[in-house]
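Enquirer: The structure file structure20.csv (CSV, C-alpha atoms) is provided below.
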chain,number,residue,atom,x,y,z
Q,175,MET,CA,171.8,126.1,156.9
Q,176,LEU,CA,175.3,127.1,158.1
Q,177,GLY,CA,177.8,124.6,159.4
Q,178,VAL,CA,179.7,125.2,162.7
Q,179,ALA,CA,182.7,126.6,160.8
Q,180,GLU,CA,180.6,129.0,158.7
Q,181,GLN,CA,178.8,130.1,161.8
Q,182,GLU,CA,182.1,130.8,163.6
Q,183,ALA,CA,183.4,132.7,160.5
Q,184,ARG,CA,180.2,134.8,160.4
Q,185,ALA,CA,180.4,135.5,164.1
Q,186,ARG,CA,184.0,136.7,163.7
Q,187,LEU,CA,183.0,138.9,160.8
Q,188,TRP,CA,180.2,140.4,162.9
Q,189,ARG,CA,182.6,141.1,165.8
Q,190,GLY,CA,185.1,142.8,163.4
Q,191,THR,CA,182.4,144.9,161.8
Q,192,LEU,CA,180.9,145.9,165.2
Q,193,VAL,CA,184.3,146.9,166.6
Q,194,GLY,CA,185.2,148.8,163.5
Q,195,THR,CA,181.8,150.7,163.6
Q,196,VAL,CA,182.2,151.4,167.3
Q,197,LEU,CA,185.7,152.9,166.6
Q,198,VAL,CA,184.3,155.0,163.8
Q,199,THR,CA,181.6,156.3,166.1
Q,200,LEU,CA,184.0,157.2,168.9
Q,201,THR,CA,186.5,158.8,166.5
Q,202,GLU,CA,183.8,160.9,164.8
Q,203,LEU,CA,182.3,161.9,168.2
Q,204,ALA,CA,185.7,163.1,169.4
Q,205,TYR,CA,186.6,164.9,166.2
Q,206,THR,CA,183.3,166.6,166.0
Q,207,PHE,CA,184.3,168.5,169.2
Q,208,ILE,CA,187.9,168.9,168.1
Q,209,ASP,CA,187.0,170.3,164.7
Q,210,TYR,CA,184.4,172.6,166.2
Q,211,GLY,CA,187.1,174.0,168.5
Q,212,VAL,CA,189.8,174.2,165.8
Q,213,PHE,CA,187.6,175.7,163.0
Q,214,LYS,CA,185.6,178.2,165.0
Q,215,GLY,CA,182.6,179.4,163.0
Q,216,ALA,CA,183.1,176.9,160.1
Q,217,LEU,CA,180.5,174.3,160.6
Q,218,LEU,CA,181.0,172.3,157.4
Q,219,LEU,CA,183.5,169.8,158.8
Q,220,PRO,CA,181.8,169.3,162.2
Q,221,VAL,CA,178.5,168.8,160.4
Q,222,ALA,CA,180.1,166.2,158.1
Q,223,ARG,CA,181.5,164.5,161.2
Q,224,VAL,CA,178.0,164.5,162.8
Q,225,LEU,CA,176.5,163.0,159.7
Q,226,HIS,CA,179.1,160.2,159.6
Q,227,LEU,CA,178.6,159.7,163.3
Q,228,GLY,CA,174.8,159.4,162.8
Q,229,TRP,CA,175.3,157.0,159.9
Q,230,ALA,CA,177.7,154.8,162.1
Q,231,LEU,CA,175.1,154.7,164.9
Q,232,LEU,CA,172.5,153.5,162.4
Q,233,LEU,CA,174.8,150.8,161.2
Q,234,LEU,CA,175.5,149.9,164.9
Q,235,GLY,CA,171.8,149.6,165.5
Q,236,LEU,CA,171.4,147.4,162.4
Q,237,LEU,CA,174.3,145.2,163.5
Q,238,LEU,CA,172.9,144.7,167.0
Q,239,VAL,CA,169.3,144.3,166.1
Q,240,ARG,CA,169.8,142.0,163.1
Q,241,ARG,CA,172.8,140.2,164.6
Q,242,SER,CA,171.8,136.7,163.7
Q,243,HIS,CA,170.1,137.5,160.4
Q,244,LEU,CA,172.8,139.5,158.6
Q,245,SER,CA,174.6,137.5,155.8
Q,246,THR,CA,178.3,137.7,155.2
Q,247,ARG,CA,177.7,140.0,152.3
Q,248,TRP,CA,175.6,142.3,154.4
Q,249,LEU,CA,178.3,142.4,157.1
Q,250,GLU,CA,181.0,143.2,154.6
Q,251,GLY,CA,178.7,145.9,153.2
Q,252,CYS,CA,178.2,147.4,156.7
Q,253,PHE,CA,182.0,147.5,157.3
Q,254,ALA,CA,182.6,149.3,154.0
Q,255,ALA,CA,179.6,151.6,154.7
Q,256,ALA,CA,181.1,152.6,158.1
Q,257,VAL,CA,184.6,153.3,156.7
Q,258,LEU,CA,184.0,154.8,153.3
Q,259,PRO,CA,182.5,158.2,154.5
Q,260,PHE,CA,185.9,158.9,156.0
Q,261,LEU,CA,187.2,159.6,152.5
Q,262,PRO,CA,185.1,162.8,152.0
Q,263,VAL,CA,185.5,163.7,155.6
Q,264,TYR,CA,189.3,163.5,155.4
Q,265,ALA,CA,189.3,165.5,152.2
Q,266,LEU,CA,187.3,168.2,153.8
Q,267,ALA,CA,189.6,168.1,156.9
Q,268,GLU,CA,192.8,168.4,154.9
Q,269,HIS,CA,191.3,171.2,152.8
Q,270,ALA,CA,190.2,173.0,155.9
Q,271,MET,CA,193.6,172.7,157.4
Q,272,THR,CA,195.2,174.4,154.4
Q,273,THR,CA,193.2,177.5,155.1
Q,274,SER,CA,193.5,177.5,158.9
Q,275,GLY,CA,197.0,178.9,159.1
Q,276,LEU,CA,197.9,176.1,161.5
Q,277,VAL,CA,200.9,173.8,161.3
Q,278,TRP,CA,199.8,170.1,161.0
Q,279,VAL,CA,200.9,166.6,160.0
Q,280,PRO,CA,198.7,165.7,157.0
Q,281,MET,CA,197.2,162.3,156.2
Q,282,THR,CA,197.2,161.1,159.9
Q,283,GLY,CA,193.6,159.9,159.5
Q,284,HIS,CA,194.5,158.0,156.3
Q,285,ARG,CA,197.4,156.2,157.9
Q,286,LEU,CA,195.4,155.2,161.0
Q,287,SER,CA,192.4,154.1,158.9
Q,288,MET,CA,194.6,151.9,156.7
Q,289,LEU,CA,196.1,150.2,159.8
Q,290,ALA,CA,192.7,149.8,161.4
Q,291,ILE,CA,191.3,148.3,158.2
Q,292,SER,CA,194.1,145.8,158.0
Q,293,VAL,CA,193.3,144.6,161.6
Q,294,LEU,CA,189.5,144.7,161.6
Q,295,ALA,CA,188.3,144.3,157.9
Q,296,PRO,CA,186.5,141.0,157.0
Q,297,THR,CA,189.0,138.4,155.9
Q,298,SER,CA,188.4,139.2,152.3
Q,299,LEU,CA,191.4,140.5,150.5
Q,300,TRP,CA,189.3,142.3,147.9
Q,301,LEU,CA,187.3,144.3,150.3
Q,302,GLY,CA,190.1,145.1,152.8
Q,303,GLY,CA,192.6,145.6,150.0
Q,304,GLY,CA,190.2,147.8,148.1
Q,305,LEU,CA,189.5,150.0,151.1
Q,306,ILE,CA,193.2,150.4,151.9
Q,307,CYS,CA,194.0,151.3,148.3
Q,308,ALA,CA,191.2,153.8,148.3
Q,309,PHE,CA,192.6,155.6,151.3
Q,310,ALA,CA,196.2,155.5,149.9
Q,311,LEU,CA,195.0,156.8,146.6
Q,312,GLU,CA,193.1,159.6,148.2
Q,313,ALA,CA,196.2,160.6,150.3
Q,314,VAL,CA,198.2,160.9,147.1
Q,315,VAL,CA,195.5,162.9,145.2
Q,316,LEU,CA,195.0,165.3,148.2
Q,317,TRP,CA,198.8,165.7,148.6
Q,318,TYR,CA,199.2,166.8,145.0
Q,319,GLY,CA,195.7,168.3,144.5
Q,320,LEU,CA,196.0,170.6,147.5
Q,321,GLY,CA,199.7,171.3,146.9
Q,322,LEU,CA,200.6,170.2,150.4
Q,323,GLY,CA,204.3,169.6,149.4
Q,324,SER,CA,204.8,173.4,149.2
Q,325,HIS,CA,202.3,174.4,151.9
Q,326,PRO,CA,204.0,176.4,154.7
Q,327,GLY,CA,201.9,174.6,157.4
Q,328,VAL,CA,203.1,171.2,156.4
Q,329,SER,CA,206.5,169.8,157.5
Q,330,SER,CA,206.4,166.2,156.2
Q,331,PRO,CA,209.3,165.8,153.9
Q,332,TRP,CA,208.7,162.1,153.0
Q,333,GLU,CA,205.0,162.5,152.0
Q,334,PRO,CA,203.1,161.1,150.3
Q,335,TRP,CA,205.6,158.2,150.3
Q,336,GLY,CA,205.3,157.8,154.1
Q,337,THR,CA,201.6,157.3,153.8
Q,338,LEU,CA,202.0,154.9,150.9
Q,339,ILE,CA,204.4,152.8,153.0
Q,340,TYR,CA,201.7,152.7,155.7
Q,341,GLY,CA,199.4,151.4,153.0
Q,342,VAL,CA,201.8,148.7,151.9
Q,343,VAL,CA,202.3,147.6,155.5
Q,344,ALA,CA,198.5,147.6,156.0
Q,345,LEU,CA,198.1,145.4,152.9
Q,346,ALA,CA,200.8,143.0,154.1
Q,347,MET,CA,199.1,142.8,157.5
Q,348,LEU,CA,195.8,142.1,155.9
Q,349,GLY,CA,197.3,139.5,153.6
Q,350,TYR,CA,198.9,137.8,156.6
Q,351,ARG,CA,195.5,137.8,158.4
Q,352,VAL,CA,193.7,136.4,155.4
Q,353,ARG,CA,196.3,133.6,154.9
Q,354,ASN,CA,196.1,132.7,158.6
Q,355,HIS,CA,192.3,132.7,158.5
Q,356,SER,CA,192.4,130.4,155.5
Q,357,ILE,CA,194.8,127.9,157.1
Q,358,GLU,CA,192.7,128.0,160.3
Q,359,LEU,CA,189.6,127.2,158.2
Q,360,LYS,CA,191.3,124.3,156.5
Q,361,LEU,CA,192.5,122.9,159.8
Q,362,ARG,CA,189.1,123.3,161.3
Q,363,GLU,CA,187.4,121.5,158.4
Q,364,ALA,CA,190.0,118.7,158.5
Q,365,ARG,CA,189.4,118.4,162.3
Q,366,ALA,CA,185.6,118.4,161.9
Q,367,GLU,CA,185.8,115.7,159.2
Q,368,ALA,CA,188.1,113.6,161.3
Q,369,GLU,CA,185.7,113.9,164.3
Q,370,ALA,CA,182.7,113.1,162.1
Q,371,LEU,CA,184.4,110.0,160.8
Q,372,GLU,CA,185.4,108.9,164.3
Q,373,ARG,CA,181.8,109.4,165.5
Q,374,LEU,CA,180.6,107.3,162.5
Q,375,ALA,CA,183.2,104.6,163.3
Q,376,ARG,CA,182.0,104.6,166.9
Q,377,LEU,CA,178.4,104.2,165.8
Q,378,PHE,CA,179.4,101.3,163.5
Q,379,LEU,CA,181.3,99.6,166.3
Q,380,ALA,CA,178.5,100.2,168.8
Q,381,VAL,CA,176.0,98.7,166.5
Q,382,ARG,CA,178.3,95.7,165.8
Q,383,ASP,CA,179.0,95.2,169.6
Q,384,ALA,CA,175.3,95.4,170.4
Q,385,THR,CA,174.5,92.9,167.7
Q,386,ASN,CA,177.2,90.3,168.4
Q,387,THR,CA,175.7,88.7,171.5
Q,388,PRO,CA,172.2,88.3,170.0
Q,389,LEU,CA,173.9,86.8,166.9
Q,390,GLN,CA,175.8,84.4,169.1
Q,391,THR,CA,172.6,83.3,170.8
Q,392,LEU,CA,171.0,82.8,167.4
Q,393,GLU,CA,174.0,80.8,166.2
Q,394,LEU,CA,173.9,78.4,169.2
Q,395,CYS,CA,170.0,78.2,169.0
Q,396,LEU,CA,170.4,77.1,165.4
Q,397,THR,CA,172.8,74.4,166.3
Q,398,LEU,CA,170.5,73.1,169.0
Q,399,LEU,CA,167.5,73.1,166.6
Q,400,GLU,CA,169.6,71.2,164.0
Q,401,ARG,CA,170.4,68.6,166.6
Q,402,ARG,CA,167.0,68.2,168.1
Q,403,HIS,CA,164.9,68.5,164.9
Q,404,PRO,CA,167.0,67.2,162.0
Q,405,GLU,CA,163.8,66.9,159.9
Q,406,SER,CA,163.7,70.8,159.8
Q,407,ALA,CA,167.0,70.9,157.8
Q,408,PRO,CA,165.6,73.0,155.0
Q,409,THR,CA,164.3,75.6,157.4
Q,410,THR,CA,167.5,75.7,159.5
Q,411,ALA,CA,169.6,75.9,156.3
Q,412,SER,CA,167.7,79.1,155.4
Q,413,MET,CA,168.3,80.4,158.9
Q,414,GLU,CA,171.9,79.5,158.6
Q,415,ARG,CA,172.3,81.5,155.4
Q,416,ALA,CA,170.5,84.5,156.9
Q,417,LEU,CA,172.7,84.3,159.9
Q,418,GLY,CA,175.8,84.1,157.6
Q,419,ARG,CA,174.7,87.4,155.9
Q,420,LEU,CA,174.2,89.1,159.3
Q,421,ARG,CA,177.6,87.8,160.4
Q,422,SER,CA,179.2,89.2,157.2
Q,423,LEU,CA,177.5,92.5,157.8
Q,424,THR,CA,178.8,92.9,161.3
Q,425,GLN,CA,182.3,91.9,160.2
Q,426,ARG,CA,182.2,94.8,157.7
Q,427,LEU,CA,181.0,97.2,160.4
Q,428,GLY,CA,184.1,96.1,162.3
Q,429,SER,CA,186.5,97.3,159.6
Q,430,VAL,CA,186.3,100.8,161.0
Q,431,ASP,CA,188.0,99.6,164.2
Q,432,PRO,CA,191.3,101.3,163.5
Q,433,LEU,CA,189.6,104.7,163.3
Q,434,VAL,CA,188.3,104.7,166.8
Q,435,VAL,CA,190.4,106.4,169.5
Q,436,TRP,CA,189.6,105.0,172.9
Q,437,ARG,CA,189.7,107.5,175.8
Q,438,GLU,CA,189.9,106.9,179.5
Q,439,GLY,CA,186.6,105.7,180.8
Q,440,ASP,CA,185.3,104.5,177.4
Q,441,GLU,CA,185.9,100.8,178.2
Q,442,SER,CA,183.3,100.9,181.0
Q,443,PHE,CA,180.5,102.0,178.5
Q,444,ASP,CA,178.5,99.2,177.0
Q,445,ALA,CA,177.1,99.4,173.5
Q,446,ASP,CA,173.7,100.5,174.7
Q,447,THR,CA,175.2,103.4,176.6
Q,448,LEU,CA,177.3,104.4,173.6
Q,449,LEU,CA,174.2,104.2,171.3
Q,450,ARG,CA,172.2,106.3,173.7
Q,451,HIS,CA,175.0,109.0,173.8
Q,452,LEU,CA,175.1,109.0,170.0
Q,453,GLU,CA,171.3,109.3,169.8
Q,454,GLU,CA,171.5,112.3,172.2
Q,455,ASP,CA,174.2,113.9,170.1
Q,456,LEU,CA,172.1,113.4,167.0
Q,457,ALA,CA,169.1,114.9,168.7
Q,458,ARG,CA,171.1,118.0,169.7
Q,459,GLU,CA,172.4,118.4,166.2
Q,460,LEU,CA,168.9,118.1,164.8
Q,461,GLU,CA,167.7,120.7,167.3
Q,462,ARG,CA,170.5,123.0,166.3
Q,463,ARG,CA,169.7,122.7,162.6
Q,464,ARG,CA,166.0,123.4,163.3
Q,465,ARG,CA,167.0,126.6,165.0
Z,944,MET,CA,184.8,66.0,178.6
Z,945,PRO,CA,185.5,68.7,181.2
Z,946,ARG,CA,183.0,70.6,183.3
Z,947,VAL,CA,182.6,74.1,182.1
Z,948,VAL,CA,182.1,77.4,183.9
Z,949,VAL,CA,180.3,80.0,181.8
Z,950,LEU,CA,180.4,83.7,182.8
Z,951,GLU,CA,178.1,85.7,180.6
Z,952,ASP,CA,175.8,88.7,181.5
Z,953,ASP,CA,173.3,87.9,178.7
Z,954,GLU,CA,170.8,85.5,180.3
Z,955,ASP,CA,169.6,84.0,177.0
Z,956,LEU,CA,173.2,83.3,175.7
Z,957,ARG,CA,174.2,82.0,179.1
Z,958,ALA,CA,171.4,79.5,179.1
Z,959,ILE,CA,171.8,78.4,175.5
Z,960,LEU,CA,175.6,78.0,176.0
Z,961,CYS,CA,175.1,75.7,178.9
Z,962,GLU,CA,172.4,73.8,177.1
Z,963,LEU,CA,174.5,73.2,174.1
Z,964,LEU,CA,177.6,72.3,176.1
Z,965,ASP,CA,175.6,69.8,178.2
Z,966,LEU,CA,174.1,68.3,175.0
Z,967,SER,CA,177.6,68.0,173.5
Z,968,GLY,CA,178.9,65.9,176.3
Z,969,ALA,CA,180.3,68.4,178.8
Z,970,GLU,CA,180.4,66.9,182.3
Z,971,GLY,CA,178.4,69.8,183.6
Z,972,CYS,CA,178.0,73.5,183.2
Z,973,VAL,CA,178.3,76.1,186.0
Z,974,SER,CA,176.8,79.4,184.8
Z,975,ALA,CA,177.1,82.9,186.3
Z,976,GLY,CA,176.0,86.3,185.2
Z,977,SER,CA,178.5,88.3,187.2
Z,978,LEU,CA,181.7,87.9,189.3
Z,979,ALA,CA,179.6,88.1,192.5
Z,980,GLU,CA,177.6,85.1,191.3
Z,981,LEU,CA,180.7,83.3,190.3
Z,982,GLU,CA,182.1,83.9,193.8
Z,983,ARG,CA,179.0,82.4,195.3
Z,984,LYS,CA,179.5,79.3,193.2
Z,985,ARG,CA,183.1,79.2,194.1
Z,986,VAL,CA,183.5,75.4,194.8
Z,987,GLU,CA,181.7,74.3,191.5
Z,988,ALA,CA,183.5,77.0,189.5
Z,989,LEU,CA,187.0,76.2,190.7
Z,990,GLY,CA,186.5,72.5,190.0
Z,991,CYS,CA,185.8,73.1,186.3
Z,992,GLY,CA,188.3,72.3,183.5
Z,993,LEU,CA,187.3,75.1,181.2
Z,994,ALA,CA,186.2,78.6,181.8
Z,995,ILE,CA,184.3,80.6,179.1
Z,996,LEU,CA,184.3,84.2,180.2
Z,997,ASP,CA,182.6,87.1,178.5
Z,998,ILE,CA,185.0,90.1,178.7
Z,999,ASN,CA,182.5,92.9,179.2
Z,1000,LEU,CA,179.9,92.1,181.8
Z,1001,GLY,CA,178.2,95.5,181.6
Z,1002,ALA,CA,178.9,99.1,182.6
Z,1003,GLY,CA,180.4,99.7,186.1
Z,1004,VAL,CA,180.7,96.1,187.1
Z,1005,PRO,CA,183.7,93.8,187.3
Z,1006,SER,CA,184.7,92.5,183.9
Z,1007,GLY,CA,185.6,89.0,182.6
Z,1008,LEU,CA,189.3,90.0,183.2
Z,1009,ASP,CA,188.5,90.5,186.9
Z,1010,ALA,CA,186.8,87.1,186.9
Z,1011,TYR,CA,189.9,85.6,185.3
Z,1012,ARG,CA,192.2,87.1,188.0
Z,1013,TRP,CA,189.8,85.8,190.7
Z,1014,LEU,CA,189.9,82.3,189.2
Z,1015,ARG,CA,193.6,82.3,188.9
Z,1016,ASP,CA,194.2,83.7,192.4
Z,1017,ASN,CA,191.9,81.0,193.8
Z,1018,GLY,CA,193.8,78.1,192.2
Z,1019,PHE,CA,191.7,77.5,189.0
Z,1020,ALA,CA,193.7,75.0,187.0
Z,1021,GLY,CA,191.6,74.7,183.9
Z,1022,ARG,CA,191.8,76.5,180.5
Z,1023,THR,CA,190.4,80.0,180.0
Z,1024,VAL,CA,188.6,81.2,176.9
Z,1025,PHE,CA,187.4,84.8,176.6
Z,1026,LEU,CA,184.4,85.6,174.5
Z,1027,THR,CA,183.9,89.2,173.3
Z,1028,GLY,CA,181.6,91.1,171.1
Z,1029,HIS,CA,183.9,94.1,171.2
Z,1030,ALA,CA,186.4,95.4,168.7
Z,1031,ARG,CA,190.1,94.4,169.0
Z,1032,SER,CA,190.9,98.0,169.8
Z,1033,HIS,CA,188.7,97.9,172.9
Z,1034,PRO,CA,191.0,98.5,176.0
Z,1035,LEU,CA,189.6,95.4,177.8
Z,1036,VAL,CA,190.1,93.2,174.7
Z,1037,ARG,CA,193.6,94.5,174.2
Z,1038,GLU,CA,194.3,93.6,177.9
Z,1039,ALA,CA,192.9,90.1,177.4
Z,1040,LEU,CA,195.0,89.6,174.3
Z,1041,GLU,CA,198.2,90.3,176.2
Z,1042,LEU,CA,197.5,87.5,178.7
Z,1043,ALA,CA,199.4,84.3,178.4
Z,1044,HIS,CA,197.7,80.9,178.3
Z,1045,VAL,CA,194.2,82.2,177.4
Z,1046,GLN,CA,192.2,82.3,174.1
Z,1047,VAL,CA,190.2,85.3,173.0
Z,1048,LEU,CA,187.4,84.5,170.6
Z,1049,SER,CA,185.2,87.1,168.9
Z,1050,LYS,CA,181.4,86.7,169.0
Z,1051,PRO,CA,179.7,85.3,167.1
Z,1052,ILE,CA,181.8,82.2,167.0
Z,1053,GLN,CA,180.5,79.2,165.1
Z,1054,SER,CA,179.1,76.4,167.2
Z,1055,ARG,CA,181.7,73.9,166.0
Z,1056,VAL,CA,184.5,76.2,167.2
Z,1057,LEU,CA,182.8,76.4,170.6
Z,1058,LEU,CA,182.3,72.7,170.9
Z,1059,SER,CA,185.9,72.0,169.8
Z,1060,LEU,CA,186.9,73.8,173.0
Z,1061,LEU,CA,185.5,70.7,174.9
Z,1062,GLY,CA,188.1,68.5,173.2
Z,1063,ASP,CA,191.8,68.5,173.6
Z,1064,GLY,CA,192.4,71.8,171.9
Z,1065,PRO,CA,195.6,73.8,172.3
Z,1066,HIS,CA,196.1,75.5,175.7
Z,1067,GLY,CA,198.2,78.4,174.6
Z,1068,THR,CA,197.4,82.0,173.8
Z,1069,GLY,CA,195.3,82.3,170.7
Z,1070,THR,CA,192.6,84.4,169.0
Z,1071,SER,CA,189.8,83.7,166.6
Could you spell out this file's structure in structure tokens?
Expert:
Amino acid sequence: MLGVAEQEARARLWRGTLVGTVLVTLTELAYTFIDYGVFKGALLLPVARVLHLGWALLLLGLLLVRRSHLSTRWLEGCFAAAVLPFLPVYALAEHAMTTSGLVWVPMTGHRLSMLAISVLAPTSLWLGGGLICAFALEAVVLWYGLGLGSHPGVSSPWEPWGTLIYGVVALAMLGYRVRNHSIELKLREARAEAEALERLARLFLAVRDATNTPLQTLELCLTLLERRHPESAPTTASMERALGRLRSLTQRLGSVDPLVVWREGDESFDADTLLRHLEEDLARELERRRR
Amino acid sequence: MPRVVVLEDDEDLRAILCELLDLSGAEGCVSAGSLAELERKRVEALGCGLAILDINLGAGVPSGLDAYRWLRDNGFAGRTVFLTGHARSHPLVREALELAHVQVLSKPIQSRVLLSLLGDGPHGTGTS
């Protein structure tokens, strides 16, 4: 059973994965037509794009249909599965450009992908960092492997360092996101704990307030009994001791008094109303957990 | 021993309080469950020497503090003691604690403390 904070974190992860997969779908859809137009007659790259597009659509379907059932690990897997096919697609694209006779700026896809990963990846440094490093590494391998530095169609004097700088910036952005997320989670947990404690304190006080008047009645009744029936002293002494224990218990419940923050309108609630509201809150929480 | 006016919304406690006060030598006991009832018993109430007022008389109705102001505005000359089952942090209790020349006692008070109010106890501000 997930708590509210875990549910929110999972929902955020789902949104990031969904947006990432939609972007992959749109990118591959656009580049299928672009590559088909650029590499007339050569279908390998457009077919690779279409396969990636189909795979991304499958992942989108899975994300939408199994929205509330996918675990964190599954969502992280979906994100990686949507992004990783770019590696062979980019390799094919860079290779195709070297034989096209066109002038181009290499590694554009790698740079955009690294920045997109830094913004959309699940807030796990290992997954996001691993993906960014994979794209940076492939850019370096392709640069030297395809001899792009001396290729007449390439005019990027600072490569592959420019792409690596993008990778470092993407890693820094991801690290910043992860750190912010971690601080936010801690604050959320501290707030949830403080709210839970205050609710408990309110419950204690409500029980104590609801008990005090009946206790007072019993206390006075006991005094009347002692006066009217002095022969019942042993019985009234037992009652007195029991009453003392109840009194001590209600005093202990009152020790939470400093934890309660009174808000406008609270003073008009009586203990019964407060207890009813607390019971309703508890019933809602039970219902949420059953779901 | 003074006459006592008791304002308490719990019927059982109100009845038993008056019974005990009568038995302990109070000249009489005027009981009311709300400010409206107190106003109806205006003459008897204002003639008392001691007022024991519950602070919270229920949700959405005038409180014991409203009753205190009514008594004071109408020339009540006796002592006032507030009884409360609420925490010290409760806004109404905090307001009562800031009043001069009243006592605020937390329920449940022991019978001897209650009965000592009938004697010549201190008239200043105090809590218990």
Enquirer: Kindly determine which residues of chain Q lie within 12 Å of chain Z, considering only C-alpha atoms, and give the answer as a ChimeraX atom specification.
Expert: /Q:375-376,378-402,414,417-418,420-448
Enquirer: So what do you get for CA of Pro220 (chain Q) versus CA of Thr272 (chain Q), distance-wise?
Expert: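 The value is 16.3 Å.
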Enquirer: Between CA of Leu197 (chain Q) and CA of Gly215 (chain Q), what is the distance, to one decimal in Å?
Expert: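 Computed distance, CA of Leu197 (chain Q) to CA of Gly215 (chain Q), equals 26.9 Å.
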Enquirer: Tell me which protein, DNA and RNA residues are within 9 Å of Arg285 (chain Q), counting all atoms listed in the file, leaving out same-chain ones fewer than 5 positions away, and put them as a count of residues only.
Expert: 10
Enquirer: List every protein, DNA or RNA residue with an atom no more than 7 Å from (193.6, 83.2, 182.9) in the file's coordinates, counting only C-alpha atoms, and format the result as a short mmCIF file (atom, residue, chain, number, x, y, z; two decimals) with C-alpha atoms, keeping the file's coordinate frame.
Expert:
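Written output follows (point04.cif):
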data_model
loop_
_atom_site.label_atom_id
_atom_site.label_comp_id
_atom_site.auth_asym_id
_atom_site.auth_seq_id
_atom_site.Cartn_x
_atom_site.Cartn_y
_atom_site.Cartn_z
CA TYR Z 1011 189.90 85.60 185.30
CA ARG Z 1012 192.20 87.10 188.00
CA ARG Z 1015 193.60 82.30 188.90
CA THR Z 1023 190.40 80.00 180.00
CA HIS Z 1044 197.70 80.90 178.30
CA VAL Z 1045 194.20 82.20 177.40
#
Enquirer: Near Ala185 (chain Q), within 12 Å and counting all atoms listed in the file, which residues show up once chain neighbours fewer than 2 positions away are dropped, as an mmCIF file with C-alpha atoms, in the frame of the given file?
Expert:
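The resulting around34.cif:
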data_model
loop_
_atom_site.group_PDB
_atom_site.id
_atom_site.type_symbol
_atom_site.label_atom_id
_atom_site.label_comp_id
_atom_site.auth_asym_id
_atom_site.auth_seq_id
_atom_site.Cartn_x
_atom_site.Cartn_y
_atom_site.Cartn_z
ATOM 1 C CA LEU Q 176 175.300 127.100 158.100
ATOM 2 C CA VAL Q 178 179.700 125.200 162.700
ATOM 3 C CA ALA Q 179 182.700 126.600 160.800
ATOM 4 C CA GLU Q 180 180.600 129.000 158.700
ATOM 5 C CA GLN Q 181 178.800 130.100 161.800
ATOM 6 C CA GLU Q 182 182.100 130.800 163.600
ATOM 7 C CA ALA Q 183 183.400 132.700 160.500
ATOM 8 C CA LEU Q 187 183.000 138.900 160.800
ATOM 9 C CA TRP Q 188 180.200 140.400 162.900
ATOM 10 C CA ARG Q 189 182.600 141.100 165.800
ATOM 11 C CA GLY Q 190 185.100 142.800 163.400
ATOM 12 C CA THR Q 191 182.400 144.900 161.800
ATOM 13 C CA LEU Q 192 180.900 145.900 165.200
ATOM 14 C CA LEU Q 237 174.300 145.200 163.500
ATOM 15 C CA ARG Q 241 172.800 140.200 164.600
ATOM 16 C CA SER Q 242 171.800 136.700 163.700
ATOM 17 C CA HIS Q 243 170.100 137.500 160.400
ATOM 18 C CA LEU Q 244 172.800 139.500 158.600
ATOM 19 C CA SER Q 245 174.600 137.500 155.800
ATOM 20 C CA THR Q 246 178.300 137.700 155.200
ATOM 21 C CA LEU Q 249 178.300 142.400 157.100
ATOM 22 C CA PRO Q 296 186.500 141.000 157.000
#
Enquirer: Write out as a list in words which residues come within 12 Å of Leu311 (chain Q) when counting all atoms listed in the file, dropping same-chain ones fewer than 2 positions away.
Expert: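 These residues fall inside the cut-off: Leu261, Ala265, Met281, His284, Arg285, Met288, Gly303, Gly304, Leu305, Ile306, Cys307, Ala308, Phe309, Ala313, Val314, Val315, Leu316, Trp317, Tyr318, Gly319, Pro334, Trp335, Thr337, Leu338, Gly341 and Val342 of chain Q.
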Enquirer: One decimal, in Å: what's the spacing between CA of Ser292 (chain Q) and CA of His226 (chain Q)?
Expert: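 Going from CA of Ser292 (chain Q) over to CA of His226 (chain Q) covers 20.9 Å.
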Enquirer: Between Z:Cys961, Z:Ile995, Z:Leu1042, Z:Val949, which has the minimum distance to Glu980 (chain Z) (counting all atoms listed in the file)?
Expert: Z:Val949
Enquirer: Using all atoms listed in the file for the distances, tell me which of Q:Ala407, Q:Val221, Q:Leu227, Q:Leu234 is nearest to Thr195 (chain Q).
Expert: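 Ranking Q:Ala407, Q:Val221, Q:Leu227, Q:Leu234 by distance to Thr195 (chain Q), first place goes to Q:Leu234.
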